[in-house]
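Structure data (PDB, C-alpha atoms) from target.pdb:
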ATOM      1  CA  MET W  26      15.325 -64.661  44.980  1.00  0.00           C
ATOM      2  CA  THR W  27      12.483 -65.983  42.850  1.00  0.00           C
ATOM      3  CA  LYS W  28      14.750 -67.047  39.981  1.00  0.00           C
ATOM      4  CA  ARG W  29      17.181 -68.573  42.469  1.00  0.00           C
ATOM      5  CA  ALA W  30      14.422 -70.601  44.114  1.00  0.00           C
ATOM      6  CA  ALA W  31      13.030 -71.690  40.740  1.00  0.00           C
ATOM      7  CA  ALA W  32      16.448 -72.952  39.628  1.00  0.00           C
ATOM      8  CA  LYS W  33      16.771 -75.009  42.817  1.00  0.00           C
ATOM      9  CA  VAL W  34      13.270 -76.470  42.533  1.00  0.00           C
ATOM     10  CA  ASN W  35      13.729 -77.249  38.832  1.00  0.00           C
ATOM     11  CA  GLN W  36      16.977 -79.036  39.704  1.00  0.00           C
ATOM     12  CA  ASP W  37      15.303 -80.973  42.523  1.00  0.00           C
ATOM     13  CA  LEU W  38      12.528 -82.046  40.145  1.00  0.00           C
ATOM     14  CA  GLY W  39      15.033 -83.175  37.521  1.00  0.00           C
ATOM     15  CA  LEU W  40      13.912 -80.483  35.067  1.00  0.00           C
ATOM     16  CA  LEU W  41      17.232 -78.608  35.056  1.00  0.00           C
ATOM     17  CA  ALA W  42      20.754 -80.031  35.056  1.00  0.00           C
ATOM     18  CA  ALA W  43      22.581 -79.533  38.353  1.00  0.00           C
ATOM     19  CA  GLU W  44      25.447 -77.733  36.600  1.00  0.00           C
ATOM     20  CA  LYS W  45      23.095 -75.169  35.041  1.00  0.00           C
ATOM     21  CA  ALA W  46      21.082 -74.781  38.239  1.00  0.00           C
ATOM     22  CA  SER W  47      24.238 -74.122  40.271  1.00  0.00           C
ATOM     23  CA  ALA W  48      25.411 -71.523  37.762  1.00  0.00           C
ATOM     24  CA  ILE W  49      22.016 -69.771  37.787  1.00  0.00           C
ATOM     25  CA  ILE W  50      21.983 -69.818  41.598  1.00  0.00           C
ATOM     26  CA  GLN W  51      25.500 -68.348  41.730  1.00  0.00           C
ATOM     27  CA  ALA W  52      24.515 -65.658  39.208  1.00  0.00           C
ATOM     28  CA  ALA W  53      21.365 -64.872  41.215  1.00  0.00           C
ATOM     29  CA  ASP W  54      23.437 -64.581  44.403  1.00  0.00           C
ATOM     30  CA  GLU W  55      25.677 -62.057  42.643  1.00  0.00           C
ATOM     31  CA  VAL W  56      22.653 -59.995  41.595  1.00  0.00           C
ATOM     32  CA  LEU W  57      21.266 -60.173  45.146  1.00  0.00           C
ATOM     33  CA  ALA W  58      24.650 -58.929  46.412  1.00  0.00           C
ATOM     34  CA  GLY W  59      24.283 -55.830  44.224  1.00  0.00           C
ATOM     35  CA  LYS W  60      26.539 -56.837  41.376  1.00  0.00           C
ATOM     36  CA  HIS W  61      25.463 -56.276  37.761  1.00  0.00           C
ATOM     37  CA  ALA W  62      23.138 -53.357  38.625  1.00  0.00           C
ATOM     38  CA  ASP W  63      24.214 -51.622  35.410  1.00  0.00           C
ATOM     39  CA  GLU W  64      22.619 -54.470  33.448  1.00  0.00           C
ATOM     40  CA  PHE W  65      19.118 -53.440  34.552  1.00  0.00           C
ATOM     41  CA  PRO W  66      18.402 -50.268  32.533  1.00  0.00           C
ATOM     42  CA  LEU W  67      14.607 -50.532  32.624  1.00  0.00           C
ATOM     43  CA  ALA W  68      12.280 -47.713  33.620  1.00  0.00           C
ATOM     44  CA  ILE W  69      10.019 -48.108  36.616  1.00  0.00           C
ATOM     45  CA  TRP W  70       6.931 -47.738  34.376  1.00  0.00           C
ATOM     46  CA  GLN W  71       6.132 -51.107  32.813  1.00  0.00           C
ATOM     47  CA  THR W  72       3.196 -53.317  32.023  1.00  0.00           C
ATOM     48  CA  GLY W  73       1.373 -54.786  34.994  1.00  0.00           C
ATOM     49  CA  SER W  74       2.934 -58.216  34.718  1.00  0.00           C
ATOM     50  CA  GLY W  75       6.526 -56.937  34.733  1.00  0.00           C
ATOM     51  CA  THR W  76       7.444 -58.792  31.551  1.00  0.00           C
ATOM     52  CA  GLN W  77      10.327 -56.422  30.784  1.00  0.00           C
ATOM     53  CA  SER W  78      11.900 -56.886  34.218  1.00  0.00           C
ATOM     54  CA  ASN W  79      11.385 -60.648  34.100  1.00  0.00           C
ATOM     55  CA  MET W  80      13.012 -60.977  30.679  1.00  0.00           C
ATOM     56  CA  ASN W  81      15.826 -58.602  31.653  1.00  0.00           C
ATOM     57  CA  MET W  82      16.558 -60.724  34.729  1.00  0.00           C
ATOM     58  CA  ASN W  83      16.475 -63.889  32.603  1.00  0.00           C
ATOM     59  CA  GLU W  84      19.029 -62.395  30.185  1.00  0.00           C
ATOM     60  CA  VAL W  85      21.350 -61.143  32.939  1.00  0.00           C
ATOM     61  CA  LEU W  86      21.279 -64.468  34.794  1.00  0.00           C
ATOM     62  CA  ALA W  87      21.699 -66.509  31.599  1.00  0.00           C
ATOM     63  CA  ASN W  88      24.680 -64.415  30.478  1.00  0.00           C
ATOM     64  CA  ARG W  89      26.380 -64.605  33.862  1.00  0.00           C
ATOM     65  CA  ALA W  90      25.568 -68.317  34.345  1.00  0.00           C
ATOM     66  CA  SER W  91      27.006 -69.012  30.887  1.00  0.00           C
ATOM     67  CA  GLU W  92      30.216 -67.213  31.886  1.00  0.00           C
ATOM     68  CA  ILE W  93      30.367 -69.216  35.119  1.00  0.00           C
ATOM     69  CA  LEU W  94      30.171 -72.386  33.019  1.00  0.00           C
ATOM     70  CA  GLY W  95      33.049 -71.209  30.820  1.00  0.00           C
ATOM     71  CA  GLY W  96      31.081 -69.558  28.036  1.00  0.00           C
ATOM     72  CA  VAL W  97      31.913 -66.187  26.515  1.00  0.00           C
ATOM     73  CA  ARG W  98      29.313 -63.437  26.804  1.00  0.00           C
ATOM     74  CA  GLY W  99      27.630 -62.790  23.481  1.00  0.00           C
ATOM     75  CA  MET W 100      29.316 -65.714  21.753  1.00  0.00           C
ATOM     76  CA  GLU W 101      28.681 -68.965  23.539  1.00  0.00           C
ATOM     77  CA  ARG W 102      25.469 -69.302  25.516  1.00  0.00           C
ATOM     78  CA  LYS W 103      25.544 -72.325  27.815  1.00  0.00           C
ATOM     79  CA  VAL W 104      22.427 -71.258  29.730  1.00  0.00           C
ATOM     80  CA  HIS W 105      19.349 -70.086  27.832  1.00  0.00           C
ATOM     81  CA  PRO W 106      17.294 -67.217  29.311  1.00  0.00           C
ATOM     82  CA  ASN W 107      13.895 -68.755  28.507  1.00  0.00           C
ATOM     83  CA  ASP W 108      14.565 -72.484  28.405  1.00  0.00           C
ATOM     84  CA  ASP W 109      16.735 -72.606  31.546  1.00  0.00           C
ATOM     85  CA  VAL W 110      16.462 -69.466  33.706  1.00  0.00           C
ATOM     86  CA  ASN W 111      12.716 -68.983  33.115  1.00  0.00           C
ATOM     87  CA  LYS W 112      11.865 -72.712  33.209  1.00  0.00           C
ATOM     88  CA  SER W 113       8.455 -73.442  34.799  1.00  0.00           C
ATOM     89  CA  GLN W 114       7.752 -69.739  35.264  1.00  0.00           C
ATOM     90  CA  SER W 115       5.625 -66.947  33.836  1.00  0.00           C
ATOM     91  CA  SER W 116       5.885 -63.162  34.166  1.00  0.00           C
ATOM     92  CA  ASN W 117       2.364 -63.306  35.573  1.00  0.00           C
ATOM     93  CA  ASP W 118       3.596 -65.220  38.613  1.00  0.00           C
ATOM     94  CA  VAL W 119       7.287 -64.289  38.877  1.00  0.00           C
ATOM     95  CA  PHE W 120       6.876 -60.525  39.061  1.00  0.00           C
ATOM     96  CA  PRO W 121       4.027 -60.475  41.634  1.00  0.00           C
ATOM     97  CA  THR W 122       5.866 -63.088  43.709  1.00  0.00           C
ATOM     98  CA  ALA W 123       9.053 -61.019  43.643  1.00  0.00           C
ATOM     99  CA  MET W 124       7.083 -57.929  44.681  1.00  0.00           C
ATOM    100  CA  HIS W 125       5.426 -59.786  47.559  1.00  0.00           C
ATOM    101  CA  VAL W 126       8.761 -61.150  48.762  1.00  0.00           C
ATOM    102  CA  ALA W 127      10.319 -57.667  48.513  1.00  0.00           C
ATOM    103  CA  ALA W 128       7.445 -56.168  50.512  1.00  0.00           C
ATOM    104  CA  LEU W 129       7.719 -58.883  53.157  1.00  0.00           C
ATOM    105  CA  LEU W 130      11.472 -58.352  53.491  1.00  0.00           C
ATOM    106  CA  ALA W 131      11.013 -54.572  53.739  1.00  0.00           C
ATOM    107  CA  LEU W 132       8.444 -55.050  56.494  1.00  0.00           C
ATOM    108  CA  ARG W 133      10.558 -57.567  58.379  1.00  0.00           C
ATOM    109  CA  GLU W 134      13.898 -55.802  58.030  1.00  0.00           C
ATOM    110  CA  HIS W 135      12.849 -52.149  58.211  1.00  0.00           C
ATOM    111  CA  LEU W 136       9.295 -51.383  59.372  1.00  0.00           C
ATOM    112  CA  ILE W 137       8.901 -53.910  62.195  1.00  0.00           C
ATOM    113  CA  PRO W 138      12.242 -53.035  63.865  1.00  0.00           C
ATOM    114  CA  GLN W 139      11.345 -49.332  63.653  1.00  0.00           C
ATOM    115  CA  LEU W 140       7.912 -49.979  65.167  1.00  0.00           C
ATOM    116  CA  SER W 141       9.582 -51.928  67.971  1.00  0.00           C
ATOM    117  CA  ALA W 142      11.958 -49.019  68.573  1.00  0.00           C
ATOM    118  CA  LEU W 143       8.998 -46.605  68.626  1.00  0.00           C
ATOM    119  CA  THR W 144       7.182 -48.830  71.139  1.00  0.00           C
ATOM    120  CA  ASP W 145      10.278 -48.896  73.355  1.00  0.00           C
ATOM    121  CA  THR W 146      10.625 -45.107  73.136  1.00  0.00           C
ATOM    122  CA  LEU W 147       6.969 -44.540  74.027  1.00  0.00           C
ATOM    123  CA  ARG W 148       7.283 -46.961  76.952  1.00  0.00           C
ATOM    124  CA  ASP W 149      10.385 -45.109  78.193  1.00  0.00           C
ATOM    125  CA  LYS W 150       8.626 -41.734  77.858  1.00  0.00           C
ATOM    126  CA  SER W 151       5.614 -43.140  79.694  1.00  0.00           C
ATOM    127  CA  HIS W 152       7.841 -44.006  82.652  1.00  0.00           C
ATOM    128  CA  ALA W 153       9.749 -40.727  82.468  1.00  0.00           C
ATOM    129  CA  PHE W 154       6.584 -38.584  82.556  1.00  0.00           C
ATOM    130  CA  ARG W 155       4.403 -40.676  84.880  1.00  0.00           C
ATOM    131  CA  ARG W 156       4.770 -38.228  87.790  1.00  0.00           C
ATOM    132  CA  TYR W 157       3.471 -35.200  85.895  1.00  0.00           C
ATOM    133  CA  CYS W 158      -0.264 -34.477  86.279  1.00  0.00           C
ATOM    134  CA  GLN W 159      -2.568 -32.462  84.059  1.00  0.00           C
ATOM    135  CA  ASN W 160      -6.095 -31.381  84.984  1.00  0.00           C
ATOM    136  CA  TRP W 161      -8.238 -31.654  81.877  1.00  0.00           C
ATOM    137  CA  PRO W 162     -11.193 -29.285  81.360  1.00  0.00           C
ATOM    138  CA  TYR W 163     -14.820 -30.356  81.468  1.00  0.00           C
ATOM    139  CA  SER W 164     -16.014 -32.097  78.289  1.00  0.00           C
ATOM    140  CA  PRO W 165     -18.507 -30.300  76.019  1.00  0.00           C
ATOM    141  CA  ALA W 166     -22.199 -31.180  76.334  1.00  0.00           C
ATOM    142  CA  GLY W 167     -23.217 -34.285  74.483  1.00  0.00           C
ATOM    143  CA  ARG W 168     -19.744 -35.769  74.426  1.00  0.00           C
ATOM    144  CA  ASP W 169     -19.432 -38.530  76.961  1.00  0.00           C
ATOM    145  CA  ALA W 170     -16.007 -39.886  76.095  1.00  0.00           C
ATOM    146  CA  ALA W 171     -13.809 -40.977  78.974  1.00  0.00           C
ATOM    147  CA  HIS W 172     -10.806 -39.182  77.548  1.00  0.00           C
ATOM    148  CA  LEU W 173     -12.728 -35.860  77.555  1.00  0.00           C
ATOM    149  CA  ARG W 174     -14.053 -36.074  81.125  1.00  0.00           C
ATOM    150  CA  PRO W 175     -12.631 -33.742  83.733  1.00  0.00           C
ATOM    151  CA  GLY W 176     -10.098 -35.067  86.160  1.00  0.00           C
ATOM    152  CA  ASP W 177      -6.462 -35.703  86.713  1.00  0.00           C
ATOM    153  CA  PHE W 178      -4.527 -37.362  83.967  1.00  0.00           C
ATOM    154  CA  ARG W 179      -0.936 -38.464  84.250  1.00  0.00           C
ATOM    155  CA  LEU W 180       1.060 -37.328  81.240  1.00  0.00           C
ATOM    156  CA  GLY W 181       2.842 -40.647  80.865  1.00  0.00           C
ATOM    157  CA  SER W 182      -0.199 -42.868  81.358  1.00  0.00           C
ATOM    158  CA  HIS W 183      -1.160 -42.968  77.692  1.00  0.00           C
ATOM    159  CA  ALA W 184       2.277 -42.823  76.070  1.00  0.00           C
ATOM    160  CA  GLY W 185       3.152 -46.419  76.827  1.00  0.00           C
ATOM    161  CA  THR W 186      -0.199 -48.009  76.037  1.00  0.00           C
TER
END

Represent the structure from my file as structure tokens, please.
Amino acid sequence: MTKRAAAKVNQDLGLLAAEKASAIIQAADEVLAGKHADEFPLAIWQTGSGTQSNMNMNEVLANRASEILGGVRGMERKVHPNDDVNKSQSSNDVFPTAMHVAALLALREHLIPQLSALTDTLRDKSHAFRRYCQNWPYSPAGRDAAHLRPGDFRLGSHAGT
């Protein structure tokens, strides 16, 4: 997504030809769709700035964008990995940005919906068990917490809060 956005911004600023930007964007969309996964052979352990991943992505996008523009892989490069794909970027900003975007998407698409489902389940259980009572024992000396005081407690009263 980062390389895709950079290509669009560089085009908008007149720093990258529209034809090259469109090809990079199309190549990035293919990578986002899961194509070309075999072209990313890197290990998870890398330097902190992610230079290897950044350069690998530049090469993959440049090769594919060159093909989109009619070039032949390995013979005729119409899009350069550093001069075009990596234009106006640095590994020190691209990799952390990509990680932040990935974390945000994971939160939005996976964690938050699951937390909402958990909240709904707890609310449902709260209603289902609201009629059941439990008499809690006397709290130990020196502990004056409301949740440890003796008295009736409805089983569902805390599940939904």

*Point-to-point distance from atom CA of W:Lys28 to atom CA of W:Gln139, Å rounded to tenths*: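 Straight-line distance from atom CA of W:Lys28 to atom CA of W:Gln139 works out to 29.8 Å.
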
_Going by the chain IDs and residue numbers used in this file, which residues fall under the PyMOL selection byres ((chain W and resi 46) around 10)? Write them as a ChimeraX atom specification._
/W:29-37,40-45,47-52,90,104,109-110

_Residues selected by the PyMOL selection byres ((chain W and resi 57-70) around 12), written as JSON, numbers by chain_ = {"W": [26, 27, 28, 29, 50, 51, 52, 53, 54, 55, 56, 71, 72, 73, 74, 75, 76, 77, 78, 79, 80, 81, 82, 83, 84, 85, 86, 88, 89, 127]}

Based on the selection just made, write C-alpha atoms of those residues as an mmCIF file, in the coordinates of the input.
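File out-v4.cif, as written:
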data_model
loop_
_atom_site.group_PDB
_atom_site.id
_atom_site.type_symbol
_atom_site.label_atom_id
_atom_site.label_comp_id
_atom_site.auth_asym_id
_atom_site.auth_seq_id
_atom_site.Cartn_x
_atom_site.Cartn_y
_atom_site.Cartn_z
ATOM 1 C CA MET W 26 15.325 -64.661 44.980
ATOM 2 C CA THR W 27 12.483 -65.983 42.850
ATOM 3 C CA LYS W 28 14.750 -67.047 39.981
ATOM 4 C CA ARG W 29 17.181 -68.573 42.469
ATOM 5 C CA ILE W 50 21.983 -69.818 41.598
ATOM 6 C CA GLN W 51 25.500 -68.348 41.730
ATOM 7 C CA ALA W 52 24.515 -65.658 39.208
ATOM 8 C CA ALA W 53 21.365 -64.872 41.215
ATOM 9 C CA ASP W 54 23.437 -64.581 44.403
ATOM 10 C CA GLU W 55 25.677 -62.057 42.643
ATOM 11 C CA VAL W 56 22.653 -59.995 41.595
ATOM 12 C CA GLN W 71 6.132 -51.107 32.813
ATOM 13 C CA THR W 72 3.196 -53.317 32.023
ATOM 14 C CA GLY W 73 1.373 -54.786 34.994
ATOM 15 C CA SER W 74 2.934 -58.216 34.718
ATOM 16 C CA GLY W 75 6.526 -56.937 34.733
ATOM 17 C CA THR W 76 7.444 -58.792 31.551
ATOM 18 C CA GLN W 77 10.327 -56.422 30.784
ATOM 19 C CA SER W 78 11.900 -56.886 34.218
ATOM 20 C CA ASN W 79 11.385 -60.648 34.100
ATOM 21 C CA MET W 80 13.012 -60.977 30.679
ATOM 22 C CA ASN W 81 15.826 -58.602 31.653
ATOM 23 C CA MET W 82 16.558 -60.724 34.729
ATOM 24 C CA ASN W 83 16.475 -63.889 32.603
ATOM 25 C CA GLU W 84 19.029 -62.395 30.185
ATOM 26 C CA VAL W 85 21.350 -61.143 32.939
ATOM 27 C CA LEU W 86 21.279 -64.468 34.794
ATOM 28 C CA ASN W 88 24.680 -64.415 30.478
ATOM 29 C CA ARG W 89 26.380 -64.605 33.862
ATOM 30 C CA ALA W 127 10.319 -57.667 48.513
#

*Between atom CA of W:His135 and atom CA of W:Leu147, what is the spacing in Å?*
18.5 Å

*May I ask for the distance between atom CA of W:Arg98 and atom CA of W:Phe120, given in Å to one decimal place?*
25.7 Å
